[in-house]
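Below: the structure, in C-alpha cells.
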Amino acid sequence: MSGITLADWLRAQDDVALVALLRARPDLATPPPADMSVLATRVGTRASIARACEDLDTFTLAVLEALVVAGADGEPVALPTHLLGPDVKPKPLKQAVARLRALALAWGEDDALSVPPVTREAFGSFPGGLGRGTGQTYDLDGISEGEQRVLQKLAAGPPIGDTKDASRVVPLEKAETPVQRLLARGLLLRRDPGTVELPREIALTLRGDRPLGSIQVTEPKPKTSALRQADVDATGAGEALELVRHVENLIASWSAEPPPVLRTGGLGVRELRKAAKDLDVDERRAGLLIELVVGADLVANTEAAEPEWVPTTKADVWLAATTEVRWATVAHAWLDLPRLPALIGRRDEKDKLFTPLADEIRRAQAPRDRRWVLDALAAFPKGTAIANPADLAALLGWRAPRRGGRQRDELVRWTVEEGTAVGVLALGAITGAGRALLDEGPGHAAKSLGDALPAPLDHVLVQADLTVVAPGRLEPELADEMALVADVESAGSATVYRISEASVRRALDAGRTADDLQELFKLRSRTPVPQSLSYLIDDAARRHGRLRGGAAGSFLRCDDPVLISEVLAHPEAARLELRRIAPTVLVSPLPLADVLDGLRSAGFAPAAEGPDGQVLDLRPGGRRTTPRQRTARKPASPAVPADERLGELVRLVRAGDRAAATPRGERVAVPSNLGAGPSATLSLLQQAARARRKVLVGFVDSHGTAAQRVIEPHVVGGGVLEGYDHSYGEVLRFPLHRITSAALVDED
C-alpha cells in the first residue's frame with residue numbers, strides 16, 4: 001500500500017499545526033530547519049523520537065507500538081485495532097492517534113498510517129514482545145504439555161530463549177526434549193547454536209484476543225481527600241518558618257566554624273553529623289539544608305589553598321530580608337536544584353557513600369522531574385491531598401511511563417518529602433505559596449506565604465522557671481532581642497527560650513544595660529515578670545563591666561585595685577601576658593577579644609570598652625566569601641521558543657520549500673571574508689530590480705538563522721535591499737551585509 005511521505009504530509013499541515021508540533025518537540029527547531037525535507041528528516045531521528053516518546057502516556061505508547069508491530073515503519077497500514085484488544089473503545093483510540101499525528105510520530109489517514117522507520121528502535125529488539133514473522137500458518141494440535149509450556153513462556157515475551165538443545169537439529173523421531181521436538185516441528189526457529197525464537201504468528205495465536213496484553217486505557221485514579229486550603233497553607237507556613245530558622249542557624253554555625261571541602265569536593269560525613277547535631281535535626285534533613293544553602297548561593301566554596309564552605313555576602317542580604325522573602329529564595333533554589341539531596345547517605349553500585357555537595361548526586365534532569373511531580377499535584381483542585389505518594393507515582397507512571405528511569409517511583413516520594421520539608425507541600429497537597437512559586441515565581445510566592453503566616457506577635461510569656469514562650473511568630477525586632485538575651489530550647493508553632501546568666505551576659509556584652517533588659521520583659525511579657533529573672537539580670541549586670549578592656553594591644557581598668565590584684569594573681573594572667581601599669585590598669589599585647597575570652601573562662605565578667613567609655617559589642621560577625629560566578633545551567637531539554645518565533649520559523653521553512661523548488665539562473669555567492677555587499681552581488685540585484693525579475697536571496701536573519709526567500713527587488717542601495725515577497729504579499733528589507741547568496745529565478 002502506497003502512502004504520502006512525511007515531508008509531503010508536513011507540507012499539507014496548516015501553520016497552527018506546525019507551530020504546535022515545534023512547541024511540543026522543541027528539539028526540531030534547533031537549529032532552524034531549512035525546509036520541510038530537513039524538518040521531516042529531523043522528525044525521524046532516533047534521539048528526537050525517543051525524546052517525544054517520553055511525553056506519551058501508556059495507552060498512546062501502546063497504540064504507537066501496535067503500529068510498529070503491524071509494520072507501519074515499513075509501509076502504510078490500517079489502524080491495527082485487532083492488536084489492541086476488545087476493551088479499547090473508538091474514542092480513546094481516536095484521541096491517541098490524533099496525539100501521535102500532532103507529534104508527527106504517525107501520519108496519514110486511518111487506513112494508511114505510517115510511522116518513522118527508526119520508531120521500531122524505540123521499542124527494543126522485539127516490539128510488543130513478538131519475534132519475527134514468517135508468513136506461515138502453524139498447527140499446534142498434538143503438542144505435549146511440556147512443549148505447550150515452552151511456547152507459552154516465549155509467547156509472553158521476549159520471544160527468544162537460551163538453550164543447549166539448539167546446538168543441533170534432529171528429526172522428530174530422535175528428539176528427546178520439548179525444545180528439540182518444537183524445532184523439529186518447525187514451531188521454533190533456530191537463531192544460533194544456543195538460541196531459539198518463537199515465530200510471531202504462533203505468539204499471536206497463543207495470546208488470543210489481547211495480542212499486546214492487557215492495556216490500561218485510562219489513567220489510574222489516586223485516592224484523595226479534601227482539605228481546607230487554609231489548613232494546608234497554615235501547616236505549610238509552619239514548615240516554612242522551620243526551614244528559615246534552620247537555614248539561619250546553619251549560616252551562623254558555618255560563619256563561626258566553616259567546614260573544610262573534601263579533596264574530591266563536597267562535605268565530609270563528620271561535618272554532616274556535626275551540622276545535624278548543631279541544628280538538632282536528623283542527617284537526612286541536614287543534608288537537604290546544606291544542599292539548599294549552597295544552591296541558593298548563601299554558602300560557597302572559598303576555592304583557596306585549604307578550601308572551606310563559607311557563607312557568602314549574599315547571606316547577609318538574605319538575613320536582612322523578611323521571613324517570607326527568605327523562604328521564597330530558598331524554596332526557589334530547591335525547585336531549580338540540579339541535584340538529588342535524597343541520595344545523601346546512600347551508596348552507589350560500587351558501595352561508595354553519597355555525601356552532601358558531591359558531584360555524584362548531580363542530576364541535570366532533577367529540576368524537570370521535580371516540577372513534573374509538583375505540576376501533577378497542582379493540577380488537582382485546591383485543597384486536594386494525596387495521602388500515599390505511591391498513588392501519585394502510579395498516576396505519573398501511566399502519564400509518562402518512559403520518564404524518570406528506574407528511580408521514577410522513588411523520585412516521586414523524594415519530591416513529596418522534600419517539598420513538605422521546604423513548605424511547598426503540606427498534608428499531601430500543594431500550598432498556595434507552592435502554587436504561586438510554580439506559576440508566578442518567588443516574588444508572588446513570598447506574598448502568598450506572607451498572607452498565610454499569622455500576624456507577628458509583639459509579646460512573649462515569661463515563666464517562673466526562667467523560660468520564655470513565644471506563642472507564635474515574633475516581630476523581627478522582638479525576635480532579635482529574644483535571640484540575644486535567651487537561647488532557643490525548643491521550636492515549633494510556639495518557641496521556648498531559656499534565659500541563663502550566660503545569655504544575659506551576652507546581651508550585656510552587646511551593649512544592653514540592666515535597665516534595657518528589665519524594660520524589655522516588663523513591656524513585652526503578657527505574664528508577670530518573676531523576681532528570679534529580675535535578680536538574675538541585676539546580679540549579672542552588677543558583675544558585668546567592672547573590668548574594662550581596651551587596646552594596647554589591650555588594656556584592663558577597674559576602679560577597685562583589689563579586683564585588679566585578684567586578676568593579676570590568677571594563673572590565667574600569665575598566659576594573657578597581663579601587666580600592671582597603674583594601680584587600676586592592666587595591659588596586654590594580645591587582642592582585646594582574646595583577653596576578655598580568657599578572663600571569662602577564668603570566672604571573671606569583663607566588658608569591652610570603646611574610646612568614649614561605652615560598652616562595645618565584640619562578637620564576631622562571621623566569615624564571609626564572595627558569591628561564586630554562576631554559569632548558565634544548560635537545560636535538560638531544549639527551551640521552547642515563543643509562539644511568535646515559532647510562527648516565523650514555520651514561514652521560513654515554507655519559504656525554504658519554495659526556494660528549493662525554484663528554478664535558478666545566474667547565481668552569485670558571497671564569500672564570508674568579503675564583508676558587506678561585494679560588487680557582483682550588487683550588480684546582480686540591481687539588474688533584477690531593473691528587469692523586475694525575481695531573485696532567490698540567501699541571508700542570515702537577526703537571530704543568526706540562515707534562510708532563503710524569493711523576492712522581486714525594488715530598491716538596491718544604501719546598504720539595504722528592499723523587495724516584494726509575492727508568496728506572503730509583503731515588502732521585505734534586508735541589510736546587504738547579511739546576504740549570503742543571490743540567484744536569478746528562471747522564468748517559466
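Please note that chains go A, B, ... in the order of the C-alpha cells, that every chain numbers its residues from 1, and that ligands are numbered from 1 in the order shown.
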Practice problem: Would you mind listing what lies within 10 Å of Arg284 of chain A as a PyMOL selection string, with only C-alpha atoms counted and same-chain residues fewer than 4 positions away left out? | Solution: chain A and resi 272-273+276+288-289+341-345+356
Each residue of segment 167-238 of chain A lying at most 12 Å from segment 43-57 of chain A should get a row with its shortest atom-to-atom pair and the distance in Å to one decimal, counting only C-alpha atoms; could you produce that, ordered by chain and increasing number, as a tab-separated table?
residue	atom	partner	partner_atom	distance
A:Ile215	CA	A:Asp57	CA	11.5
A:Gln216	CA	A:Asp57	CA	10.0
A:Val217	CA	A:Asp57	CA	9.4
A:Thr218	CA	A:Asp57	CA	9.3
A:Glu219	CA	A:Asp57	CA	8.6
A:Pro220	CA	A:Asp57	CA	11.7
Written file, previous selection with N, CA and C atoms, as a JSON list (two decimals), in the first residue's frame:
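This is the output file part20.json:
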[["chain", "number", "residue", "atom", "x", "y", "z"],
["A", 215, "ILE", "N", -4.02, -3.72, 28.30],
["A", 215, "ILE", "CA", -3.62, -2.33, 28.13],
["A", 215, "ILE", "C", -4.52, -1.44, 28.98],
["A", 216, "GLN", "N", -3.92, -0.62, 29.82],
["A", 216, "GLN", "CA", -4.69, 0.30, 30.66],
["A", 216, "GLN", "C", -5.01, 1.54, 29.84],
["A", 217, "VAL", "N", -6.25, 1.69, 29.46],
["A", 217, "VAL", "CA", -6.65, 2.77, 28.55],
["A", 217, "VAL", "C", -6.73, 4.11, 29.26],
["A", 218, "THR", "N", -7.21, 4.12, 30.48],
["A", 218, "THR", "CA", -7.36, 5.38, 31.22],
["A", 218, "THR", "C", -6.41, 5.42, 32.40],
["A", 219, "GLU", "N", -6.10, 6.61, 32.86],
["A", 219, "GLU", "CA", -5.15, 6.76, 33.96],
["A", 219, "GLU", "C", -5.77, 6.31, 35.27],
["A", 220, "PRO", "N", -4.96, 5.78, 36.18],
["A", 220, "PRO", "CA", -5.49, 5.36, 37.48],
["A", 220, "PRO", "C", -5.94, 6.55, 38.31]]
Using only C-alpha atoms, which residues sit within 12 Å of Gln407 of chain A once same-chain residues fewer than 6 positions away are excluded, as an mmCIF file with N, CA, C and O atoms, in the first residue's frame?
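Generated file (around.cif):
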data_model
loop_
_atom_site.group_PDB
_atom_site.id
_atom_site.type_symbol
_atom_site.label_atom_id
_atom_site.label_comp_id
_atom_site.auth_asym_id
_atom_site.auth_seq_id
_atom_site.Cartn_x
_atom_site.Cartn_y
_atom_site.Cartn_z
ATOM 1 N N LEU A 340 20.096 15.669 43.542
ATOM 2 C CA LEU A 340 19.143 14.834 44.281
ATOM 3 C C LEU A 340 19.624 14.700 45.726
ATOM 4 O O LEU A 340 20.368 13.771 46.067
ATOM 5 N N ALA A 342 18.191 13.575 48.206
ATOM 6 C CA ALA A 342 17.724 12.336 48.838
ATOM 7 C C ALA A 342 18.746 11.210 48.722
ATOM 8 O O ALA A 342 18.650 10.207 49.444
ATOM 9 N N LEU A 343 19.718 11.330 47.816
ATOM 10 C CA LEU A 343 20.733 10.291 47.674
ATOM 11 C C LEU A 343 21.777 10.336 48.783
ATOM 12 O O LEU A 343 22.538 9.377 48.957
ATOM 13 N N ALA A 366 16.917 16.660 37.271
ATOM 14 C CA ALA A 366 16.217 16.794 38.546
ATOM 15 C C ALA A 366 15.212 17.947 38.572
ATOM 16 O O ALA A 366 14.079 17.752 39.027
ATOM 17 N N ASP A 369 12.094 16.872 36.558
ATOM 18 C CA ASP A 369 11.324 15.823 37.218
ATOM 19 C C ASP A 369 10.622 16.351 38.465
ATOM 20 O O ASP A 369 9.492 15.964 38.771
ATOM 21 N N ALA A 393 2.763 8.213 42.220
ATOM 22 C CA ALA A 393 3.752 7.580 41.347
ATOM 23 C C ALA A 393 3.072 6.730 40.281
ATOM 24 O O ALA A 393 3.488 6.717 39.116
ATOM 25 N N GLY A 397 3.332 7.401 36.457
ATOM 26 C CA GLY A 397 3.850 6.287 35.669
ATOM 27 C C GLY A 397 2.964 5.981 34.479
ATOM 28 O O GLY A 397 3.459 5.587 33.415
ATOM 29 N N PRO A 401 5.261 6.761 31.118
ATOM 30 C CA PRO A 401 5.984 5.576 31.597
ATOM 31 C C PRO A 401 7.464 5.573 31.265
ATOM 32 O O PRO A 401 8.234 4.826 31.871
ATOM 33 N N ARG A 413 8.419 10.009 45.535
ATOM 34 C CA ARG A 413 8.401 10.016 47.007
ATOM 35 C C ARG A 413 9.379 11.048 47.553
ATOM 36 O O ARG A 413 9.054 11.795 48.482
ATOM 37 N N TRP A 414 10.579 11.120 46.967
ATOM 38 C CA TRP A 414 11.563 12.100 47.429
ATOM 39 C C TRP A 414 11.051 13.524 47.245
ATOM 40 O O TRP A 414 11.233 14.380 48.116
ATOM 41 N N THR A 415 10.434 13.780 46.109
ATOM 42 C CA THR A 415 9.939 15.134 45.848
ATOM 43 C C THR A 415 8.850 15.519 46.841
ATOM 44 O O THR A 415 8.808 16.658 47.328
#
Practice problem: Write down as a VMD selection string the residues belonging to segment 123-197 of chain A that are assigned alpha helix (DSSP H) by DSSP computed on the backbone. | Solution: chain A and resid 145 to 155 178 to 185
Excluding same-chain residues fewer than 4 positions from Arg149 of chain A, what lies within 12 Å of it counting only C-alpha atoms, as a PDB file with C-alpha atoms, in the first residue's frame?
ATOM      1  CA  ILE A 143       1.879 -30.887  21.092  1.00  0.00           C
ATOM      2  CA  SER A 144       2.725 -32.142  24.573  1.00  0.00           C
ATOM      3  CA  GLU A 145       2.237 -30.316  27.858  1.00  0.00           C
ATOM      4  CA  LYS A 153       6.700 -18.790  28.116  1.00  0.00           C
ATOM      5  CA  LEU A 154       8.172 -17.470  24.864  1.00  0.00           C
ATOM      6  CA  ALA A 155       4.790 -16.100  23.772  1.00  0.00           C
ATOM      7  CA  ALA A 156       4.669 -13.928  26.906  1.00  0.00           C
ATOM      8  CA  PRO A 178      10.441 -30.266  24.204  1.00  0.00           C
ATOM      9  CA  VAL A 179      12.726 -27.723  22.515  1.00  0.00           C
ATOM     10  CA  LEU A 182       9.438 -27.958  18.635  1.00  0.00           C
ATOM     11  CA  LEU A 206      -1.393 -18.101  21.923  1.00  0.00           C
TER      12      LEU A 206
END
Practice problem: Name the residues in contact with segment 418-434 of chain A at a cut-off of 8 Å, using only C-alpha atoms, excluding same-chain residues fewer than 4 positions from it; report them as number ranges by chain. | Solution: A: 229, 232-233, 235-240, 243, 288, 331, 374, 377-378, 382-388, 414, 438, 444-449
Would you put the residues from that selection into a file with N, CA, C and O atoms, as a CSV table (one decimal), in the first residue's frame?
chain,number,residue,atom,x,y,z
A,229,GLN,N,-8.1,24.6,52.2
A,229,GLN,CA,-6.9,25.2,51.8
A,229,GLN,C,-6.2,26.0,52.8
A,229,GLN,O,-5.0,26.1,52.9
A,232,VAL,N,-4.1,23.7,54.9
A,232,VAL,CA,-2.9,23.3,54.1
A,232,VAL,C,-1.9,24.5,54.2
A,232,VAL,O,-0.7,24.2,54.5
A,233,ASP,N,-2.3,25.7,53.9
A,233,ASP,CA,-1.4,26.8,53.9
A,233,ASP,C,-0.8,27.1,55.3
A,233,ASP,O,0.4,27.4,55.4
A,235,THR,N,-0.3,24.9,57.7
A,235,THR,CA,0.7,23.9,58.0
A,235,THR,C,2.0,24.1,57.2
A,235,THR,O,3.1,24.0,57.7
A,236,GLY,N,1.8,24.5,55.9
A,236,GLY,CA,3.0,24.7,55.1
A,236,GLY,C,3.7,26.0,55.6
A,236,GLY,O,5.0,26.0,55.6
A,237,ALA,N,3.0,27.0,56.1
A,237,ALA,CA,3.7,28.1,56.7
A,237,ALA,C,4.5,27.8,57.9
A,237,ALA,O,5.6,28.3,58.1
A,238,GLY,N,4.0,26.9,58.7
A,238,GLY,CA,4.8,26.4,59.9
A,238,GLY,C,6.1,25.8,59.4
A,238,GLY,O,7.2,26.0,60.0
A,239,GLU,N,6.1,24.9,58.4
A,239,GLU,CA,7.3,24.3,57.9
A,239,GLU,C,8.2,25.3,57.3
A,239,GLU,O,9.4,25.2,57.4
A,240,ALA,N,7.6,26.3,56.6
A,240,ALA,CA,8.5,27.4,56.0
A,240,ALA,C,9.3,28.1,57.1
A,240,ALA,O,10.4,28.5,57.0
A,243,LEU,N,12.1,25.9,58.2
A,243,LEU,CA,13.1,25.9,57.2
A,243,LEU,C,14.0,27.2,57.3
A,243,LEU,O,15.2,27.1,57.3
A,288,LEU,N,19.7,18.0,53.2
A,288,LEU,CA,18.9,18.8,52.4
A,288,LEU,C,19.2,20.3,52.6
A,288,LEU,O,19.3,21.1,51.7
A,331,ALA,N,13.2,28.2,48.7
A,331,ALA,CA,12.3,27.3,48.0
A,331,ALA,C,12.5,27.4,46.5
A,331,ALA,O,12.5,26.3,45.9
A,374,LEU,N,5.4,18.2,41.0
A,374,LEU,CA,4.6,19.3,41.6
A,374,LEU,C,3.5,19.7,40.7
A,374,LEU,O,2.4,20.1,41.2
A,377,LEU,N,0.5,17.6,41.2
A,377,LEU,CA,-0.3,17.9,42.4
A,377,LEU,C,-1.0,19.2,42.2
A,377,LEU,O,-2.2,19.4,42.7
A,378,ALA,N,-0.4,20.2,41.6
A,378,ALA,CA,-1.1,21.5,41.4
A,378,ALA,C,-2.3,21.4,40.4
A,378,ALA,O,-3.1,22.3,40.5
A,382,LYS,N,-7.9,22.9,44.5
A,382,LYS,CA,-7.2,23.4,45.7
A,382,LYS,C,-7.7,22.6,46.9
A,382,LYS,O,-8.9,22.3,47.1
A,383,GLY,N,-6.8,22.3,47.8
A,383,GLY,CA,-7.1,21.5,49.0
A,383,GLY,C,-7.2,20.0,48.8
A,383,GLY,O,-7.5,19.3,49.7
A,384,THR,N,-6.9,19.6,47.6
A,384,THR,CA,-7.0,18.1,47.3
A,384,THR,C,-5.6,17.5,47.7
A,384,THR,O,-4.6,17.9,47.3
A,385,ALA,N,-5.7,16.5,48.6
A,385,ALA,CA,-4.5,15.8,49.1
A,385,ALA,C,-4.4,14.4,48.7
A,385,ALA,O,-5.4,13.7,48.6
A,386,ILE,N,-3.2,14.0,48.3
A,386,ILE,CA,-3.0,12.5,48.0
A,386,ILE,C,-2.2,12.0,49.2
A,386,ILE,O,-1.1,12.4,49.5
A,387,ALA,N,-2.9,11.0,49.9
A,387,ALA,CA,-2.3,10.5,51.1
A,387,ALA,C,-1.1,9.7,50.9
A,387,ALA,O,-0.1,9.7,51.7
A,388,ASN,N,-1.0,8.9,49.8
A,388,ASN,CA,0.0,8.0,49.6
A,388,ASN,C,0.8,8.4,48.3
A,388,ASN,O,0.3,8.4,47.2
A,414,TRP,N,10.6,11.1,47.0
A,414,TRP,CA,11.6,12.1,47.4
A,414,TRP,C,11.1,13.5,47.2
A,414,TRP,O,11.2,14.4,48.1
A,438,LEU,N,5.4,27.9,41.6
A,438,LEU,CA,5.4,27.2,40.3
A,438,LEU,C,4.9,28.1,39.1
A,438,LEU,O,5.5,28.1,38.1
A,444,HIS,N,5.9,36.3,43.9
A,444,HIS,CA,4.5,36.1,44.3
A,444,HIS,C,4.4,35.0,45.3
A,444,HIS,O,3.4,35.0,46.2
A,445,ALA,N,5.3,34.1,45.3
A,445,ALA,CA,5.3,33.0,46.4
A,445,ALA,C,5.5,33.7,47.8
A,445,ALA,O,4.9,33.3,48.7
A,446,ALA,N,6.4,34.6,47.8
A,446,ALA,CA,6.7,35.3,49.1
A,446,ALA,C,5.4,36.0,49.6
A,446,ALA,O,5.1,36.0,50.8
A,447,LYS,N,4.7,36.7,48.7
A,447,LYS,CA,3.5,37.4,49.1
A,447,LYS,C,2.4,36.4,49.6
A,447,LYS,O,1.7,36.6,50.5
A,448,SER,N,2.3,35.3,48.9
A,448,SER,CA,1.3,34.2,49.2
A,448,SER,C,1.7,33.7,50.6
A,448,SER,O,0.8,33.5,51.5
A,449,LEU,N,2.9,33.4,50.9
A,449,LEU,CA,3.3,32.9,52.2
A,449,LEU,C,3.0,34.0,53.3
A,449,LEU,O,2.5,33.7,54.4
Self-check item: Spatial neighbours of Leu250 of chain A, max dist 9 Å, only C-alpha atoms, sep filter under 4 positions, as a list in words
Solution: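 Once the adjacent positions are removed, what remains is Arg245, His246, Trp254, Ser255, Ala275, Asp278, Leu279, Leu289, Ile290 and Val293 of chain A.
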Quiz item: Looking only at the backbone, which of the residues in segment 493-556 of chain A does DSSP tag as strand (DSSP E or B), as a list in words?
Solution: Thr495, Val496, Tyr497, Arg498, Ser525, Arg548, Gly549, Gly550, Ser554, Phe555 and Leu556 of chain A
